[in-house]
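Here the structure is laid out as structure tokens; the discussion comes afterwards.
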Amino acid sequence: MPNEFCNGPSLYLYNPNSKHLNFIISYPWWFILICLLAGMFVSWLLYRNKKQAFSQQKIFWLLAGLRALSFSGLCFLLLAPLIRFSKNTEIKPTVVVMLDRSSSMKHGFRKTDSVQFRKDLNDLVKDLSTDYLVKTYSFGNELLDELHFDYLDKQTDLSSPIETVLSTHENENLGAIVLISDGIFNKGNSPLSVQFPAKGSVYTVGVGDTSIQKDALVSRVFANKLVYLGDRFAIRSDIAVYGAKGSQVQVNIKSQNGSVIGNQTVNVNSDRFTQSIETIVDAKQAGIFAYTVTVSQLDGEQNTANNSQQVFIEVLDNKESILIVGNAPHPDLYALREALTKNKNYQVTVELAATAKDNFGKYNLIILHNLPSVGFNAGGLIQQAKNAGVSLWFITGSQTAIPLFNQNQDALQITARGGMNDAQGILNKDFVFFNPGNASGLQNLPPLSIPFADFKPGPNTQILLSQKLGSLNTSYPLWVLQSGQPQRIGVTCGEGLWRWRLYEFQQSSKHDVVDGLITKTAQFLSVKQDKRPFRTILPKTVFSENENIVVDAELYNANYELVNEPNVQLSINNEQNQKQNIEMNKAGNSYNYNLGNLSAGNYNYTATTQWNGKTYSSTGSFKVYAQNLEDLNTTADFGTLNQMAQTHGGSFVFAEALNTLKDKIRKDPEMKNLIRTEVQTDPLINWKWLFGFFMVLLGIEWFIRKRSGQY
């Protein structure tokens with residue numbers, strides 16, 4: 001008898017000698033003998049002196065046997081025996097047929113008869129269905145059930161659909177995958193670089209023409225999607241020319257008003273020619289601008305859809321202004337400026353308190369180094385900033401007037417004891433205003449020079465770095481931030497940031513950790529507060545045809561808390577003034593709606609809602625541009641398809657030989673039926689009727705004994 005058991009379904013190759021019923025106990029087999037002896041002993045105790053009392057000896061032995069059997073059975077149940085059932089089900093192999101429905105397949109049918117191909121494919125599916133379970137899919141930009149012969153998808157992903165199919169059918173007897181494609185992919189990973197599970201063979205069917213066709217194309221265009229007004233940015237164009245060695249092509253770049261901003265003649269010196277061209281453009285005006293890169297057409301060129309590509313650039317006119325004011329010249333001022341100017345979105349001004357006379361309300365953030373001080377109380381500057389809602393970042397040091405510092409903010413109160421101290425920073429793991437970055441890098445920096453004092457954080461504050469004094473970790477803040485409305489306050493309790501940058505550069509030849517901390521602090525403090533009670537949010541303003549466009553909306557009550565009790569109506573208008581009205585979905589405490597993929601063009605939207613008797617609305621616009629990835633490359637790649645088949649135990653065939661696959665698949669050793677064995681175990685002690693059976697035996701014994709006069 002086995003002393004272990006398994007519960008749940010198991011999969012086995014067919015074994016006609018497999019058992020379908022087992023009894024299992026967790027004790028040695030000789031315990032059963034003890035149960036039998038126990039039943040016989042109980043029967044002997046009762047009947048040992050009564051044999052002569054029965055007129056018929058067979059009644060005596062019947063009663064003794066009933067008593068022994070009943071008590072032996074009850075003892076056996078105390079051993080907690082299990083009964084295991086197994087049920088075998090024969091599973092046919094599954095064949096998955098996957099058809100590429102991307103638009104590049106249309107070019108492949110210039111060589112292959114599409115009508116005959118469709119008939120052959122349907123016949124293959126029908127023939128295989130007689131012996132196997134056949135599941136059909138179509139793929140391109142996404143995976144769809146059933147075969148679709150429309151070839152409309154504008155992108156091709158070869159690896160993800162196969163991974164999805166393998167995951168979907170992982171618990172089935174997957175015998176073969178038939179992949180029908182031109183081998184061209186422009187989304188996701190290469191199917192050759194993905195390690196698929198070794199389950200089932202892969203058969204590939206090639207559609208299209210692999211011969212080099214005369215073609216000039218703009219293969220890729222690279223540019224920063226966001227630039228700032230007054231910047232210069234580069235547009236890099238990758239040009240390819242096939243089958244036209246010795247020819248010349250013209251490459252030009254035009255702005256959306258039709259003016260040529262770049263032009264170049266390219267000499268083609270090979271049949272597979274590529275070249276990158278970079279054009280520098282000035283961002284002279286804010287807005288969204290389209291630039292078109294075009295390569296001239298070759299004589300006899302059939303595919304001209306890939307001779308041009310557009311790139312969209314959004315020019316922003318919202319650089320944030322940061323003012324750094326120092327009590328006196330200090331290397332920290334230079335360190336702050338160098339860190340912040342790495343961000344092109346920041347316009348940084350450095351001034352000394354003695355000469356700082358400006359409209360301070362125009363800045364997004366003012367950094368006060370060793371201010372207020374005895375010589376410059378900076379009262380007017382701080383008051384202007386408060387009135388305008390401009391955030392302040394105080395950096396205290398040996399020249400800071402601590403009483404004036406305490407009067408001008410409530411983020412941190414310092415009780416000075418006199419003198420200065422050195423403190424390193426310890427990252428607070430509970431800080432959530434932003435991700436501060438490399439914790440170990442921050443904690444290894446040299447100490448800052450801080451006031452020797454007691455420190456008490458104020459309301460709505462979070463400590464980013466606490467003080468480490470020598471080897472002692474304290475709860476005193478070194479770097480603290482306050483999230484106020486509309487003004488935010490930051491306090492760095494010590495000077496010596498220049499040492500941090502110098503130390504990091506000595507260790508790694510970079511300033512990434514320190515500059516990242518300074519920049520993220522500035523980003524948090526300088527953020528412009530949007531106080532509108534109702535607003536809509538888009539992640540960006542330029543989308544491709546293949547991107548999902550999700551619109552979010554937020555509604556705030558008088559206490560500036562998110563609510564979503566009323567419904568929100570969203571209206572989308574395109575360039576033809578066609579309107580689509582939608583009710584947005586409620587998600588959490590806000591709203592959202594997925595518009596899906598939209599066709600190329602300019603769109604305006606308006607969201608409206610009513611709350612507490614008032615009507616609120618929020619408007620915006622975005623642009624969707626066409627993406628012709630499927631037209632960029634129309635030369636079939638049978639090499640990829642063939643390598644996939646060879647790697648995964650299948651074979652490659654041309655579309656014209658599609659009907660030969662049924663014989664190849666039937667001869668595949670992977671195509672064999674499996675037996676799925678479902679195993680269930682059940683404790684016998686749970687069988688109520690078994691107790692009843694033993695009670696009936698005892699009842700019969702009692703009845704016969706009574707009739708025999710033995711009671």
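Residues in the structure tokens are numbered from 1 in each chain, the chains being A, B, ... in the order shown, and ligands are numbered from 1 in the order shown.
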Per DSSP on the backbone, what are the strand (DSSP E) residues of range 159-399 of chain A, as a VMD selection string? chain A and resid 174 to 181 201 to 206 215 to 222 226 to 228 232 to 242 248 to 254 260 to 267 272 to 282 287 to 295 308 to 316 320 to 326 346 to 352 365 to 369 391 to 395
For Thr341 in chain A: contacts at 10 Å, only C-alpha atoms, fewer than 6 positions along chain excluded, given as JSON, numbers by chain: {"A": [322, 347, 348, 349, 515, 519]}
Based on the selection just made, write all heavy atoms of those residues as a short mmCIF file (atom, residue, chain, number, x, y, z; two decimals), in the first residue's frame.
data_model
loop_
_atom_site.label_atom_id
_atom_site.label_comp_id
_atom_site.auth_asym_id
_atom_site.auth_seq_id
_atom_site.Cartn_x
_atom_site.Cartn_y
_atom_site.Cartn_z
N ILE A 322 13.46 80.27 -12.68
CA ILE A 322 13.94 80.02 -11.32
C ILE A 322 14.95 81.10 -10.96
O ILE A 322 15.89 81.36 -11.73
CB ILE A 322 14.57 78.62 -11.20
CG1 ILE A 322 13.53 77.54 -11.49
CG2 ILE A 322 15.17 78.42 -9.81
CD1 ILE A 322 14.08 76.13 -11.45
N GLN A 347 14.76 78.28 -16.94
CA GLN A 347 15.54 79.49 -17.20
C GLN A 347 16.00 80.00 -15.83
O GLN A 347 15.19 80.45 -15.02
CB GLN A 347 14.68 80.55 -17.91
CG GLN A 347 15.46 81.80 -18.28
CD GLN A 347 14.60 82.74 -19.10
OE1 GLN A 347 13.62 82.34 -19.70
NE2 GLN A 347 14.98 84.01 -19.10
N VAL A 348 17.30 79.90 -15.57
CA VAL A 348 17.83 80.13 -14.22
C VAL A 348 18.55 81.48 -14.17
O VAL A 348 19.39 81.79 -15.03
CB VAL A 348 18.81 78.99 -13.82
CG1 VAL A 348 19.32 79.22 -12.40
CG2 VAL A 348 18.10 77.64 -13.92
N THR A 349 18.21 82.26 -13.15
CA THR A 349 18.85 83.56 -12.90
C THR A 349 19.48 83.52 -11.52
O THR A 349 18.86 83.07 -10.55
CB THR A 349 17.82 84.70 -12.97
OG1 THR A 349 17.17 84.68 -14.25
CG2 THR A 349 18.51 86.05 -12.78
N ASP A 515 22.58 66.14 -8.86
CA ASP A 515 21.80 66.99 -9.76
C ASP A 515 20.37 66.48 -9.89
O ASP A 515 19.42 67.27 -10.02
CB ASP A 515 22.45 67.04 -11.15
CG ASP A 515 23.75 67.85 -11.13
OD1 ASP A 515 24.08 68.39 -10.06
OD2 ASP A 515 24.42 67.93 -12.18
N THR A 519 17.19 68.78 -9.06
CA THR A 519 16.20 69.00 -10.12
C THR A 519 14.82 68.52 -9.69
O THR A 519 13.81 69.20 -9.92
CB THR A 519 16.63 68.28 -11.40
OG1 THR A 519 17.90 68.78 -11.81
CG2 THR A 519 15.62 68.49 -12.51
#
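Shortest separation to Ser449 in chain A among A:Pro403, A:Gly596, A:Gly496, A:Pro436 occurs at residue A:Gly496, atoms counted being only C-alpha atoms.
For Trp393 in chain A, the list of residues within 6 Å, based on only C-alpha atoms and with local chain neighbours fewer than 4 positions off taken out, reads Ile367, Ile489, Gly490 and Val491 of chain A.
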Keeping all heavy atoms for every residue in the selection just given, could you write it to a file as a short mmCIF file (atom, residue, chain, number, x, y, z; two decimals), in the first residue's frame?
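Printed below is selection-v4.cif as written:
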data_model
loop_
_atom_site.label_atom_id
_atom_site.label_comp_id
_atom_site.auth_asym_id
_atom_site.auth_seq_id
_atom_site.Cartn_x
_atom_site.Cartn_y
_atom_site.Cartn_z
N ILE A 367 14.97 80.44 -4.90
CA ILE A 367 15.85 79.73 -3.97
C ILE A 367 16.62 80.77 -3.17
O ILE A 367 17.31 81.62 -3.75
CB ILE A 367 16.81 78.79 -4.72
CG1 ILE A 367 16.02 77.78 -5.57
CG2 ILE A 367 17.72 78.05 -3.74
CD1 ILE A 367 16.90 76.89 -6.43
N ILE A 489 6.88 75.06 0.01
CA ILE A 489 8.10 75.48 0.70
C ILE A 489 9.05 74.30 0.78
O ILE A 489 8.65 73.16 1.08
CB ILE A 489 7.80 75.99 2.12
CG1 ILE A 489 6.82 77.18 2.08
CG2 ILE A 489 9.09 76.39 2.84
CD1 ILE A 489 7.38 78.41 1.40
N GLY A 490 10.32 74.57 0.54
CA GLY A 490 11.36 73.58 0.74
C GLY A 490 12.45 74.15 1.63
O GLY A 490 12.74 75.35 1.58
N VAL A 491 13.02 73.30 2.49
CA VAL A 491 14.10 73.74 3.38
C VAL A 491 15.21 72.70 3.33
O VAL A 491 14.98 71.51 3.60
CB VAL A 491 13.62 73.92 4.83
CG1 VAL A 491 14.79 74.36 5.72
CG2 VAL A 491 12.47 74.91 4.91
#
Between A:Ala626, A:Val568, A:Leu143, A:Ala401, which one has atoms that come closest to Thr608 in chain A, using only C-alpha atoms? A:Val568
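Across the structure, CA of Pro329 in chain A and CA of Leu469 in chain A are spaced 27.4 Å apart.
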Would you please give, as a PyMOL selection string, all residues of range 21-163 of chain A that DSSP assigns to helix (DSSP H, G or I) based on the backbone? chain A and resi 30-47+51-53+57-77+105-108+114-129+159-163
